[in-house]
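Report on the following structure.
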Number of protein chains: 2
Amino acid sequence: MSNAPPLNPPVRVLLGPGPSDIHPRVLQAIGKPTVGHLDPYYLQLMDEMREMLRGVFRTKNEMTLAISGTGSAGMETAVVNVIEPGDAMVVCVNGVFGARMTDVAERAGAKVTKVEKPWGEVFSVDDLKDTLSKAKPKVVGIVMAETSTGAWQPIHEIADLVHDAGAMLLVDTVTALGGLPVEVDKWGIDIVYSGTQKCLSCPPGLAPVTFNERAMDVVLSRKTKVQSWYLDLTMLAKYWGAERVYHHTAPINMTYALYEALSLVHEEGLEACFARHALNHEALKAGLAALGIRYAAAEGHRLPMLNAVHIPEGIDDATIRRELLTRFGIEIGGGLGAFKGKVWRIGLMGYGSRENNVLLLLGALEQLFTEQKHKFEHGASIAAATQVYAAATKT
Amino acid sequence: MSNAPPLNPPVRVLLGPGPSDIHPRVLQAIGKPTVGHLDPYYLQLMDEMREMLRGVFRTKNEMTLAISGTGSAGMETAVVNVIEPGDAMVVCVNGVFGARMTDVAERAGAKVTKVEKPWGEVFSVDDLKDTLSKAKPKVVGIVMAETSTGAWQPIHEIADLVHDAGAMLLVDTVTALGGLPVEVDKWGIDIVYSGTQKCLSCPPGLAPVTFNERAMDVVLSRKTKVQSWYLDLTMLAKYWGAERVYHHTAPINMTYALYEALSLVHEEGLEACFARHALNHEALKAGLAALGIRYAAAEGHRLPMLNAVHIPEGIDDATIRRELLTRFGIEIGGGLGAFKGKVWRIGLMGYGSRENNVLLLLGALEQLFTEQKHKFEHGASIAAATQVYAAATKT
């Protein structure tokens with residue numbers, strides 16, 4: 001009836017925009033024996049996991065949990081729970097994911113005002129001031145780590161502005177979480193969502209979210225039902241809370257994976273995680289510079305875990321990515337939207353953010369650039385990267 | 001920072017309403033190395049998987065795929081893609097999942113007419129005739145295998161009635177698929193959704209769906225956008241189709257699990273699967289009868305994979321289920337809603353539907369009933385079950 005071949009996925013080095021390299025312990029965890037979603041063992045696991053999630057989000061928010069879907073389900077959860085038809089929302093758009101948030105919000109009935117910046121740039125307080133005072137939004141949505149451009153959006157000052165305008169701040173931390181400080185409580189972010197397949201070294205399939213009390217007051221005093229039954233936090237809260245009221249059957253094995261992934265982050269320590277992401281980014285950046293490769297995002301606003309870089313003149317995008325994958329087993333990402341064919345997206349996320357991967361990728365690029373007769377100083381990229389590592393070892 | 005204990009889930013025998021016992025090959029598959037969601041290997045895997053899905057759905061529908069969420073996300077996908085605000089929908093309610101479908105449909109803006117029957121009963125053509133001619137619905141929703149009551153809803157005749165009334169038929173096959181014939185093309189079901197954690201022996205986390213051309217014509221000619229971005233088939237079709245346009249990051253490892261689970265179903269053969277589910281059901285039923293346990297659903301409409309049975313007088317629900325779990329490692333389900341405290345739900349689904357499990361459960365129940373001083377003929381349940389197996393072996 002079926003001639004489907006046996007399942008034998010190739011072993012890749014995942015240096016694209018996600019999924020990132022999965023830690024071997026996480027791959028072991030995901031295959032552990034499935035228990036029921038109301039099993040006392042599983043309920044305890046959920047409690048431990050949400051405590052670890054609070055740790056990476058740096059929050060005490062009661063409403064912290066993992067949505068049973070990928071990062072985009074997290075985005076939808078964040079939006080549909082606080083937006084009612086006719087509510088005003090401002091969305092900051094400087095890449096694919098801000099644009100996606102606009103679409104999600106409009107489908108929820110929001111009157112959306114977009115604030116736009118060129119791809120690769122970030123928003124300042126001044127960029128938003130006028131719009132906020134005119135639009136008087138209920139919610140302002142912004143992406144902290146724009147995976148399509150590699151731009152790192154500062155959140156702290158924006159949060160103050162948004163709160164002064166009487167609005168709630170909704171932040172996409174899909175690519176940021178675990179690789180950069182996400183200070184939910186200190187910055188006062190009201191609504192946050194993320195994904196598992198970036199800096200948490202876990203397969204895609206769950207979306208961590210956290211809502212503060214202010215946001216939950218809004219959710220709990222809605223006039224209309226949340227438009228999505230599946231993502232309705234008022235019901236999910238009863239399963240994740242003391243009552244354990246059945247809502248839907250949780251993705252048990254994905255929860256095992258996230259549990260193990262979060263354990264790894266906490267064993268390493270969040271600050272050590274951030275430092276590792278920063279160091280490998282610096283080394284890669286030095287190496288890429290030696291190959292004449294420029295970043296898409298401005299200096300000072302470059303994400304450590306997602307390096308969006310211009311493809312050098314004369315280099316064929318498709319050939320390089322295909323050869324990286326087929327000969328070296330390395331996946332890097334192509335450009336999305338406005339950056340299609342112009343930009344590579346090199347992820348050094350979670351377990352993927354390692355010295356080994358930086359040196360391997362630079363070596364492979366040197367090899368392929370040589371074959372494409374691209375002019376550069378041979379060996380210089382490796383030399384530049386190793387100098388960064390050597391300097392870091394000294395201190 | 002975290003004192004979360006190591007992940008060591010207990011090994012359970014999952015005989016509840018799902019998740020069911022996972023086949024060991026599926027647990028191995030889910031932990032295989034993660035590849036990217038645009039990796040040529042993964043794209044090929046998606047193609048093979050959807051072909052296997054078409055096989056279990058018995059359909060040629062192009063629009064056959066797995067939604068990145070659990071069964072309830074499948075339900076929401078089925079509803080929100082075909083319903084636009086103001087559309088009339090009839091929902092058949094004889095248990096929890098019909099009620100849930102009503103809620104989902106109303107949140108999508110449907111004007112819902114409910115047809116209700118007592119829990120445990122099923123719908124006949126006569127039950128629906130009047131309502132269909134009055135309500136003139138765009139869609140009629142019904143649950144084939146009502147997991148809260150164990151009732152098996154015949155679909156074929158209802159399908160003819162619904163089509164004669166000019167409506168589309170939307171069927172919940174979450175618990176049915178892989179354990180009972182689901183004849184999507186032969187019966188002409190327009191919209192179908194399912195889950196992975198029942199008769200497919202796969203962890204929860206994906207929701208297979210299939211839409212026929214008629215349903216897709218409706219989806220593609222909508223006046224309004226699908227209210228859920230995450231579940232919008234018009235966009236998902238472009239990722240699952242030849243274009244491979246990125247929509248969201250697919251849950252790669254869950255897809256491995258479903259791929260392996262579907263391979264197992266096809267290796268065994270669908271008819272053999274159905275026969276196995278039927279036989280183990282008959283054996284369990286004979287054994288339970290010897291313990292004086294009655295079914296909640298009427299004879300002739302009992303699901304083979306989900307045995308909802310009345311808890312005998314004098315037997316303490318919570319004690320039995322706790323002891324089954326803690327001493328024997330066996331999970332069975334309690335009653336939901338109107339059946340809470342009154343009914344047990346014993347699943348023999350997928351890999352869980354095995355002679356070993358039937359005999360083990362009957363033995364454990366005999367042990368616990370003896371301790372609770374319940375009167376029954378000792379050994380009779382095992383004798384009754386083994387006679388069923390013996391008779392089947394002879395033929």
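Naming scheme: A, B, ... for chains in displayed order of the structure tokens; residues 1 onward per chain; ligands 1 onward as shown.
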
* **Surrounding residues of region 350-356 of chain A excluding itself and chain neighbours under 2 positions, 7 Å, only C-alpha atoms, as a list in words** => Leu14, Leu15, Ser20, Asp21, Ile22, His23, Gly179, Lys198, Cys199, Leu200, Ser201, His277, Asn280, Leu348, Val358, Leu359 and Leu360 of chain A

Do you have, as CSV, the list of residues of region 332-393 of chain A lying at most 7 Å from region 283-289 of chain A, each with its nearest atom pair and that distance in Å to one decimal, counting only C-alpha atoms and ordered by chain then number?
residue,atom,partner,partner_atom,distance
A:Val358,CA,A:Leu284,CA,5.8
A:Leu362,CA,A:Gly287,CA,6.7
A:Ser381,CA,A:Gly287,CA,3.8
A:Ile382,CA,A:Gly287,CA,6.0
A:Ala384,CA,A:Gly287,CA,5.2
A:Ala385,CA,A:Ala283,CA,4.3
A:Val388,CA,A:Ala283,CA,5.3
A:Tyr389,CA,A:Ala283,CA,6.7

Give me a file of those residues, with N, CA and C atoms, as a PDB file, in the first residue's frame.
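Final output, result-v2.pdb:
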ATOM      1  N   VAL A 358      31.624  27.770  13.668  1.00  0.00           N
ATOM      2  CA  VAL A 358      32.146  28.997  13.063  1.00  0.00           C
ATOM      3  C   VAL A 358      33.318  28.650  12.144  1.00  0.00           C
ATOM      4  N   LEU A 362      33.380  28.901   7.975  1.00  0.00           N
ATOM      5  CA  LEU A 362      34.357  29.765   7.301  1.00  0.00           C
ATOM      6  C   LEU A 362      35.228  28.941   6.353  1.00  0.00           C
ATOM      7  N   SER A 381      40.068  34.374   6.814  1.00  0.00           N
ATOM      8  CA  SER A 381      38.840  34.333   7.623  1.00  0.00           C
ATOM      9  C   SER A 381      39.055  33.476   8.870  1.00  0.00           C
ATOM     10  N   ILE A 382      39.758  32.364   8.694  1.00  0.00           N
ATOM     11  CA  ILE A 382      40.037  31.501   9.843  1.00  0.00           C
ATOM     12  C   ILE A 382      40.968  32.224  10.820  1.00  0.00           C
ATOM     13  N   ALA A 384      41.242  35.408  11.295  1.00  0.00           N
ATOM     14  CA  ALA A 384      40.511  36.466  11.991  1.00  0.00           C
ATOM     15  C   ALA A 384      39.643  35.886  13.099  1.00  0.00           C
ATOM     16  N   ALA A 385      38.973  34.780  12.800  1.00  0.00           N
ATOM     17  CA  ALA A 385      38.094  34.179  13.806  1.00  0.00           C
ATOM     18  C   ALA A 385      38.903  33.639  14.981  1.00  0.00           C
ATOM     19  N   VAL A 388      39.895  36.194  17.465  1.00  0.00           N
ATOM     20  CA  VAL A 388      38.816  36.571  18.396  1.00  0.00           C
ATOM     21  C   VAL A 388      38.740  35.565  19.536  1.00  0.00           C
ATOM     22  N   TYR A 389      38.799  34.284  19.175  1.00  0.00           N
ATOM     23  CA  TYR A 389      38.740  33.266  20.233  1.00  0.00           C
ATOM     24  C   TYR A 389      39.954  33.349  21.155  1.00  0.00           C
TER      25      TYR A 389
END

* To do: Rank nothing, just name the residue among B:Gly363, B:Pro118, B:Pro137, B:Gly150 nearest to Leu324 (chain B), using only C-alpha atoms.
  => B:Gly363

* Can you list, as a ChimeraX atom specification, every protein, DNA or RNA residue that comes within 12 Å of Val82 (chain B) when you count only C-alpha atoms, leaving out same-chain residues fewer than 2 positions away? -> /B:75-80,84-89,105,108-110,137-141,167-170,190-192,211-212,214-228,231-234

* Structure fact -> As a check of understanding: the span from CA of Val56 (chain A) to CA of Cys202 (chain A) is 14.2 Å

* Structure fact -> Here CA of Leu177 (chain B) and CA of Glu62 (chain B) stand apart by 18.4 Å

* To do: Write out as a ChimeraX atom specification the residues lying within 9 Å of Leu7 (chain B), counting only C-alpha atoms and excluding same-chain residues fewer than 5 positions away.
  => /A:29,32,45,256,259-260

* **All strand (DSSP E or B) residues (DSSP, backbone) inside region 154-357 of chain A, as an MDAnalysis selection string** => chainID A and resid 168:172 177 180 191:193 207:211 295 302 306:310 330:331 333:334 343:347

Please produce a file of the residues just selected, as a tab-separated table (two decimals), in the first residue's frame, where the atoms kept are C-alpha atoms.
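Written output follows (out-v8.tsv):
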chain	number	residue	atom	x	y	z
A	168	MET	CA	0.53	47.42	26.27
A	169	LEU	CA	3.75	46.21	24.70
A	170	LEU	CA	3.74	42.93	22.77
A	171	VAL	CA	7.19	41.59	21.85
A	172	ASP	CA	8.30	38.83	19.49
A	177	LEU	CA	15.10	34.04	23.79
A	180	LEU	CA	20.00	37.66	24.34
A	191	ILE	CA	2.93	40.17	26.29
A	192	VAL	CA	5.76	38.03	24.96
A	193	TYR	CA	5.98	35.00	22.73
A	207	ALA	CA	5.75	28.41	21.55
A	208	PRO	CA	6.63	29.74	25.00
A	209	VAL	CA	4.50	32.75	25.94
A	210	THR	CA	4.21	34.96	28.99
A	211	PHE	CA	1.54	37.53	29.87
A	295	TYR	CA	26.17	42.75	7.38
A	302	ARG	CA	23.31	43.20	14.87
A	306	LEU	CA	21.35	35.62	13.39
A	307	ASN	CA	23.91	37.03	10.99
A	308	ALA	CA	22.16	38.45	7.94
A	309	VAL	CA	24.88	39.31	5.43
A	310	HIS	CA	25.03	40.58	1.87
A	330	ILE	CA	25.69	22.77	6.41
A	331	GLU	CA	22.39	24.60	6.16
A	333	GLY	CA	19.32	30.46	5.15
A	334	GLY	CA	18.54	32.45	2.04
A	343	VAL	CA	21.24	38.07	1.68
A	344	TRP	CA	22.34	34.97	3.54
A	345	ARG	CA	21.09	34.33	7.03
A	346	ILE	CA	23.63	32.52	9.15
A	347	GLY	CA	22.31	31.33	12.46

* To do: May I ask for the distance between CA of Gly195 (chain A) and CA of Thr70 (chain A), given in Å to one decimal place?
  =>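 Straight-line distance from CA of Gly195 (chain A) to CA of Thr70 (chain A) works out to 6.2 Å.
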
Would you return as an mmCIF file with N, CA and C atoms, in the first residue's frame the members of region 43-111 of chain B that DSSP assigns to alpha helix (DSSP H) on this structure's backbone?
data_model
loop_
_atom_site.group_PDB
_atom_site.id
_atom_site.type_symbol
_atom_site.label_atom_id
_atom_site.label_comp_id
_atom_site.auth_asym_id
_atom_site.auth_seq_id
_atom_site.Cartn_x
_atom_site.Cartn_y
_atom_site.Cartn_z
ATOM 1 N N LEU B 43 11.376 18.025 2.511
ATOM 2 C CA LEU B 43 10.296 18.258 1.545
ATOM 3 C C LEU B 43 9.837 16.930 0.925
ATOM 4 N N GLN B 44 10.785 16.053 0.694
ATOM 5 C CA GLN B 44 10.441 14.743 0.151
ATOM 6 C C GLN B 44 9.652 13.929 1.180
ATOM 7 N N LEU B 45 10.064 14.056 2.421
ATOM 8 C CA LEU B 45 9.380 13.364 3.517
ATOM 9 C C LEU B 45 7.922 13.819 3.615
ATOM 10 N N MET B 46 7.710 15.136 3.460
ATOM 11 C CA MET B 46 6.342 15.662 3.495
ATOM 12 C C MET B 46 5.507 15.023 2.390
ATOM 13 N N ASP B 47 6.100 14.916 1.204
ATOM 14 C CA ASP B 47 5.369 14.328 0.077
ATOM 15 C C ASP B 47 5.005 12.873 0.362
ATOM 16 N N GLU B 48 5.978 12.124 0.870
ATOM 17 C CA GLU B 48 5.718 10.706 1.170
ATOM 18 C C GLU B 48 4.653 10.608 2.269
ATOM 19 N N MET B 49 4.768 11.485 3.257
ATOM 20 C CA MET B 49 3.839 11.423 4.371
ATOM 21 C C MET B 49 2.416 11.739 3.940
ATOM 22 N N ARG B 50 2.280 12.759 3.097
ATOM 23 C CA ARG B 50 0.909 13.093 2.697
ATOM 24 C C ARG B 50 0.321 11.993 1.827
ATOM 25 N N GLU B 51 1.181 11.283 1.088
ATOM 26 C CA GLU B 51 0.676 10.159 0.305
ATOM 27 C C GLU B 51 0.175 9.052 1.250
ATOM 28 N N MET B 52 0.927 8.812 2.322
ATOM 29 C CA MET B 52 0.478 7.818 3.308
ATOM 30 C C MET B 52 -0.789 8.283 4.025
ATOM 31 N N LEU B 53 -0.875 9.590 4.279
ATOM 32 C CA LEU B 53 -2.094 10.131 4.903
ATOM 33 C C LEU B 53 -3.299 9.908 3.994
ATOM 34 N N ARG B 54 -3.094 10.165 2.694
ATOM 35 C CA ARG B 54 -4.194 9.920 1.750
ATOM 36 C C ARG B 54 -4.624 8.460 1.844
ATOM 37 N N GLY B 55 -3.660 7.586 2.031
ATOM 38 C CA GLY B 55 -3.980 6.161 2.156
ATOM 39 C C GLY B 55 -4.884 5.877 3.357
ATOM 40 N N VAL B 56 -4.560 6.402 4.520
ATOM 41 C CA VAL B 56 -5.407 6.099 5.686
ATOM 42 C C VAL B 56 -6.751 6.822 5.608
ATOM 43 N N PHE B 57 -6.776 7.981 4.969
ATOM 44 C CA PHE B 57 -8.050 8.685 4.771
ATOM 45 C C PHE B 57 -8.840 8.094 3.594
ATOM 46 N N GLY B 71 -5.111 17.564 17.806
ATOM 47 C CA GLY B 71 -6.405 17.336 17.173
ATOM 48 C C GLY B 71 -7.336 18.539 17.203
ATOM 49 N N SER B 72 -7.338 19.261 18.306
ATOM 50 C CA SER B 72 -8.229 20.421 18.406
ATOM 51 C C SER B 72 -7.834 21.523 17.441
ATOM 52 N N ALA B 73 -6.547 21.604 17.117
ATOM 53 C CA ALA B 73 -6.117 22.548 16.079
ATOM 54 C C ALA B 73 -6.635 22.071 14.721
ATOM 55 N N GLY B 74 -6.747 20.763 14.570
ATOM 56 C CA GLY B 74 -7.352 20.210 13.359
ATOM 57 C C GLY B 74 -8.810 20.614 13.247
ATOM 58 N N MET B 75 -9.533 20.518 14.373
ATOM 59 C CA MET B 75 -10.933 20.927 14.389
ATOM 60 C C MET B 75 -11.057 22.397 13.987
ATOM 61 N N GLU B 76 -10.196 23.221 14.582
ATOM 62 C CA GLU B 76 -10.266 24.651 14.296
ATOM 63 C C GLU B 76 -9.925 24.932 12.832
ATOM 64 N N THR B 77 -8.950 24.212 12.298
ATOM 65 C CA THR B 77 -8.590 24.356 10.879
ATOM 66 C C THR B 77 -9.786 24.025 9.989
ATOM 67 N N ALA B 78 -10.439 22.913 10.317
ATOM 68 C CA ALA B 78 -11.576 22.474 9.517
ATOM 69 C C ALA B 78 -12.663 23.544 9.497
ATOM 70 N N VAL B 79 -12.923 24.130 10.645
ATOM 71 C CA VAL B 79 -14.026 25.093 10.762
ATOM 72 C C VAL B 79 -13.650 26.447 10.170
ATOM 73 N N VAL B 80 -12.514 27.013 10.591
ATOM 74 C CA VAL B 80 -12.261 28.412 10.235
ATOM 75 C C VAL B 80 -11.957 28.621 8.759
ATOM 76 N N ASN B 81 -11.522 27.557 8.078
ATOM 77 C CA ASN B 81 -11.239 27.729 6.650
ATOM 78 C C ASN B 81 -12.498 27.783 5.784
ATOM 79 N N VAL B 82 -13.562 27.143 6.233
ATOM 80 C CA VAL B 82 -14.775 27.131 5.397
ATOM 81 C C VAL B 82 -15.868 28.078 5.887
ATOM 82 N N VAL B 96 -18.732 15.562 24.317
ATOM 83 C CA VAL B 96 -17.852 16.720 24.521
ATOM 84 C C VAL B 96 -17.398 17.340 23.205
ATOM 85 N N PHE B 97 -17.091 16.494 22.205
ATOM 86 C CA PHE B 97 -16.417 17.042 21.043
ATOM 87 C C PHE B 97 -17.370 17.735 20.067
ATOM 88 N N GLY B 98 -18.624 17.294 20.053
ATOM 89 C CA GLY B 98 -19.634 18.042 19.323
ATOM 90 C C GLY B 98 -19.836 19.417 19.956
ATOM 91 N N ALA B 99 -19.861 19.429 21.280
ATOM 92 C CA ALA B 99 -20.023 20.705 21.995
ATOM 93 C C ALA B 99 -18.848 21.633 21.696
ATOM 94 N N ARG B 100 -17.653 21.048 21.668
ATOM 95 C CA ARG B 100 -16.473 21.857 21.371
ATOM 96 C C ARG B 100 -16.554 22.444 19.966
ATOM 97 N N MET B 101 -17.038 21.635 19.022
ATOM 98 C CA MET B 101 -17.137 22.111 17.642
ATOM 99 C C MET B 101 -18.094 23.301 17.545
ATOM 100 N N THR B 102 -19.166 23.258 18.322
ATOM 101 C CA THR B 102 -20.105 24.375 18.370
ATOM 102 C C THR B 102 -19.397 25.653 18.806
ATOM 103 N N ASP B 103 -18.610 25.514 19.851
ATOM 104 C CA ASP B 103 -17.887 26.665 20.385
ATOM 105 C C ASP B 103 -16.912 27.223 19.345
ATOM 106 N N VAL B 104 -16.166 26.329 18.724
ATOM 107 C CA VAL B 104 -15.196 26.746 17.706
ATOM 108 C C VAL B 104 -15.907 27.459 16.552
ATOM 109 N N ALA B 105 -17.049 26.911 16.141
ATOM 110 C CA ALA B 105 -17.774 27.481 15.000
ATOM 111 C C ALA B 105 -18.338 28.858 15.347
ATOM 112 N N GLU B 106 -18.856 28.991 16.558
ATOM 113 C CA GLU B 106 -19.401 30.296 16.951
ATOM 114 C C GLU B 106 -18.307 31.348 17.015
ATOM 115 N N ARG B 107 -17.130 30.945 17.483
ATOM 116 C CA ARG B 107 -16.016 31.895 17.524
ATOM 117 C C ARG B 107 -15.591 32.318 16.113
#
